[in-house]
Amino acid sequence: MTLTEMIDTLKTKFNPSKVINSLEKTAGFHNKSDTDSEGNDPGEDLKNNPYSDSVGDSVKSSSAVKISQNGVSPLIKMINVWKIYEMGDTEFAALAGINLEINEGEFLVVLGPSGSGKSTLMNLIGCLDLPSKGTIYLNSKDISKLAESELARIRGQMIGFIFQSFNLIPTLNAEENVTLPMEFQEADMQKGRKRADYLLEVVGLSDKKQNLPSQLSGGQMQRVAIARSLSVNPPIILADEPTGNLDSKTGNYILNFLDGLHKKEGKTIIIVTHDLEIVKLATRVVYLKDGKIEKIETCTKEKPCELGY
Ligand SMILES: Nc1ncnc2c1ncn2[C@@H]1O[C@H](COP(=O)(O)OP(=O)(O)OP(=O)(O)O)[C@@H](O)[C@H]1O
């Protein structure tokens, strides 16, 4: 199958979590070592360039989506949101009446024990799933009952996903993986390829553009995934345990990168993590328990939030 054919197929059927997970499983990505086999210090790349003003300006100026905030409406607003799974005769509420407002430019960390509903919440915010009940506004638009095609369009424009398991497409090289979201948006691909090259340079992988994921180390794959998440310059970045399986150097790199995206580019960042260093960067922490918000803590520079409950 050619690249164009593959993109067309994915475009019609696109559901990132399902399509890419199955591709990942084929490639056995979940078990791949995450250590940078070349012993490179990814932090060096960061120190060298990514958040110089010129880079930030360049990314900003190509922003695909205008946030229609009027200074009053939150970027994301969830009103009495439920997600109920049916299993035979029984029902299970993974989310049970969530009320949450997230403003543009927040760095929100979602904490909670296993099974508390973190991924379910992220899937709803990321337009990967619909609530069973309740209303979700994204950029003042009600997204709670949209058709999949419309949801996919909004997802493509608004959300950049950084998942621990990389979600790279194994048959596409690094550059093609980064250009893919732009192809979905039917962007000018001459500019798209330039932007992909630029983003791969930002994450320190200019010399690996032609490499397939299987020809990259775990840390390098995560950096390609970050470049891809920024390719359409989305205003919201969703990250699920982005430093989970990475060695400490690569973890620090990701940490600094997320901090830069938040502080220098004003991106709204929403992260599920158990990494204390990420929690320390948060502006607020939401604690979930049994599908409900147990508490929300506001963090400050003087009193950063912690992992504790
Ligand atoms: N498709 C599904 N069908 C039935 N139950 C589900 C489904 N998806 C999730 N659940 C249940 O919903 C609850 C919340 O799941 P979720 O994955 O959101 O938790 P989590 O907080 O992300 O957990 P973890 O930290 O272990 O990843 C769990 O009890 C889970 O078993």
# chains A, B, ... in the order shown; residues from 1 in each chain; ligands from 1
>>> closest_atom_pairs(of="chain A", to="ligand 1", cutoff="7 Å", atoms="only C-alpha atoms and all ligand atoms", output="CSV")
residue,atom,partner,partner_atom_place_in_ligand_line,distance
A:Tyr85,CA,ligand 1,4 (C),4.9
A:Glu86,CA,ligand 1,4 (C),6.6
A:Met87,CA,ligand 1,4 (C),6.5
A:Phe92,CA,ligand 1,5 (N),6.4
A:Ala93,CA,ligand 1,12 (O),6.9
A:Ala94,CA,ligand 1,12 (O),4.0
A:Gly112,CA,ligand 1,21 (O),6.1
A:Pro113,CA,ligand 1,25 (O),5.8
A:Ser114,CA,ligand 1,26 (O),3.5
A:Gly115,CA,ligand 1,19 (O),3.4
A:Ser116,CA,ligand 1,21 (O),3.9
A:Gly117,CA,ligand 1,18 (O),3.2
A:Lys118,CA,ligand 1,21 (O),3.9
A:Ser119,CA,ligand 1,22 (O),3.7
A:Thr120,CA,ligand 1,18 (O),3.8
A:Leu121,CA,ligand 1,18 (O),6.5
A:Gly291,CA,ligand 1,14 (C),6.9
>>> write_last_selection(atoms="C-alpha atoms", output="PDB file, in the first residue's frame")
ATOM      1  CA  TYR A  85     -20.235   1.189  30.277  1.00  0.00           C
ATOM      2  CA  GLU A  86     -22.756  -1.574  29.789  1.00  0.00           C
ATOM      3  CA  MET A  87     -21.614  -5.134  30.378  1.00  0.00           C
ATOM      4  CA  PHE A  92     -20.607   0.633  35.326  1.00  0.00           C
ATOM      5  CA  ALA A  93     -20.062   4.365  35.685  1.00  0.00           C
ATOM      6  CA  ALA A  94     -16.408   5.056  34.849  1.00  0.00           C
ATOM      7  CA  GLY A 112      -6.033   9.114  40.898  1.00  0.00           C
ATOM      8  CA  PRO A 113      -5.727   5.435  41.685  1.00  0.00           C
ATOM      9  CA  SER A 114      -5.950   2.746  39.015  1.00  0.00           C
ATOM     10  CA  GLY A 115      -9.482   2.504  37.656  1.00  0.00           C
ATOM     11  CA  SER A 116     -10.520   5.946  38.938  1.00  0.00           C
ATOM     12  CA  GLY A 117     -11.422   7.172  35.428  1.00  0.00           C
ATOM     13  CA  LYS A 118      -8.332   9.124  34.311  1.00  0.00           C
ATOM     14  CA  SER A 119      -8.074   7.609  30.826  1.00  0.00           C
ATOM     15  CA  THR A 120     -11.820   7.828  30.368  1.00  0.00           C
ATOM     16  CA  LEU A 121     -11.668  11.539  31.197  1.00  0.00           C
ATOM     17  CA  GLY A 291     -15.179   8.304  38.635  1.00  0.00           C
TER      18      GLY A 291
END
>>> select_by_dssp(residues="stretch 238-280 of chain A", states="helix (DSSP H, G or I)", output="list in words")
Ser248, Lys249, Thr250, Gly251, Asn252, Tyr253, Ile254, Leu255, Asn256, Phe257, Leu258, Asp259, Gly260, Leu261, His262, Lys263, Leu276, Glu277, Ile278 and Val279 of chain A
>>> residues_around(residues="A:Leu258", least_positions_apart="2", cutoff="10 Å", atoms="only C-alpha atoms", output="PyMOL selection string")
chain A and resi 107+226+237+239+242+252-256+260-265+267+269+271+278+281
>>> closest_residue(among="A:Asp188, A:Glu183, A:Glu176, A:Glu106", to="A:Val285", atoms="only C-alpha atoms")
A:Glu106
>>> residues_around(residues="stretch 193-195 of chain A", least_positions_apart="4", cutoff="7 Å", atoms="only C-alpha atoms", output="list in words")
Thr179, Met189 and Leu199 of chain A
>>> atom_distance(atom1="atom CA of A:His274", atom2="atom CA of A:Asn80")
26.1 Å
>>> closest_residue(among="A:Leu216, A:Ala152, A:Met221, A:Ala147", to="A:Asn167", atoms="only C-alpha atoms")
A:Met221
>>> closest_residue(among="A:Leu151, A:Ile136, A:Val224, A:Met158", to="A:Val178", atoms="only C-alpha atoms")
A:Val224
>>> select_by_dssp(residues="stretch 86-292 of chain A", states="strand (DSSP E or B)", output="compact mmCIF listing (two decimals) with C-alpha atoms, in the first residue's frame")
# COMPACT_ATOMS: atom_id res chain seq x y z
CA GLU A 86 -22.76 -1.57 29.79
CA MET A 87 -21.61 -5.13 30.38
CA THR A 90 -24.91 -4.50 34.46
CA GLU A 91 -23.81 -0.91 34.07
CA PHE A 92 -20.61 0.63 35.33
CA ALA A 93 -20.06 4.37 35.68
CA ALA A 94 -16.41 5.06 34.85
CA LEU A 95 -17.18 8.77 35.25
CA ALA A 96 -20.02 9.82 37.52
CA GLY A 97 -21.02 13.46 37.32
CA ILE A 98 -17.84 15.34 36.45
CA ASN A 99 -17.95 19.14 36.62
CA LEU A 100 -14.70 20.69 35.48
CA GLU A 101 -13.56 23.90 33.81
CA ILE A 102 -10.12 24.19 32.23
CA PHE A 107 -1.07 22.97 33.09
CA LEU A 108 -3.50 20.48 34.58
CA VAL A 109 -2.40 17.20 36.10
CA VAL A 110 -4.94 14.41 36.60
CA LEU A 111 -4.17 12.08 39.50
CA LYS A 133 -24.72 11.93 29.81
CA GLY A 134 -23.82 15.53 30.39
CA THR A 135 -22.31 18.29 28.27
CA ILE A 136 -18.75 19.07 27.19
CA TYR A 137 -17.85 22.39 25.63
CA LEU A 138 -14.56 22.69 23.79
CA LYS A 141 -18.66 24.37 21.08
CA ASP A 142 -20.82 21.58 22.47
CA ILE A 159 -5.56 18.27 20.25
CA GLY A 160 -2.01 16.99 20.21
CA PHE A 161 -1.60 13.58 21.83
CA ILE A 162 1.57 12.47 23.59
CA PHE A 163 1.20 8.91 24.74
CA ILE A 236 -4.28 21.64 23.65
CA ILE A 237 -1.74 18.93 24.43
CA LEU A 238 -2.97 15.74 26.11
CA ALA A 239 -0.32 13.51 27.59
CA ASP A 240 -0.78 10.13 29.24
CA THR A 268 -2.99 24.19 27.50
CA ILE A 269 -1.50 20.99 28.85
CA ILE A 270 -3.47 18.18 30.45
CA ILE A 271 -1.47 15.25 31.78
CA VAL A 272 -2.12 11.98 33.53
CA ARG A 284 -3.82 22.71 39.19
CA VAL A 285 -4.18 19.08 40.13
CA VAL A 286 -7.46 17.19 39.78
CA TYR A 287 -7.82 14.14 42.03
CA LEU A 288 -10.18 11.47 40.72
CA LYS A 289 -11.65 8.66 42.78
CA LYS A 292 -15.71 11.46 40.65
>>> closest_residue(among="A:Gln215, A:Gln185, A:Ser73, A:Thr298", to="A:Arg153", atoms="only C-alpha atoms")
A:Gln185
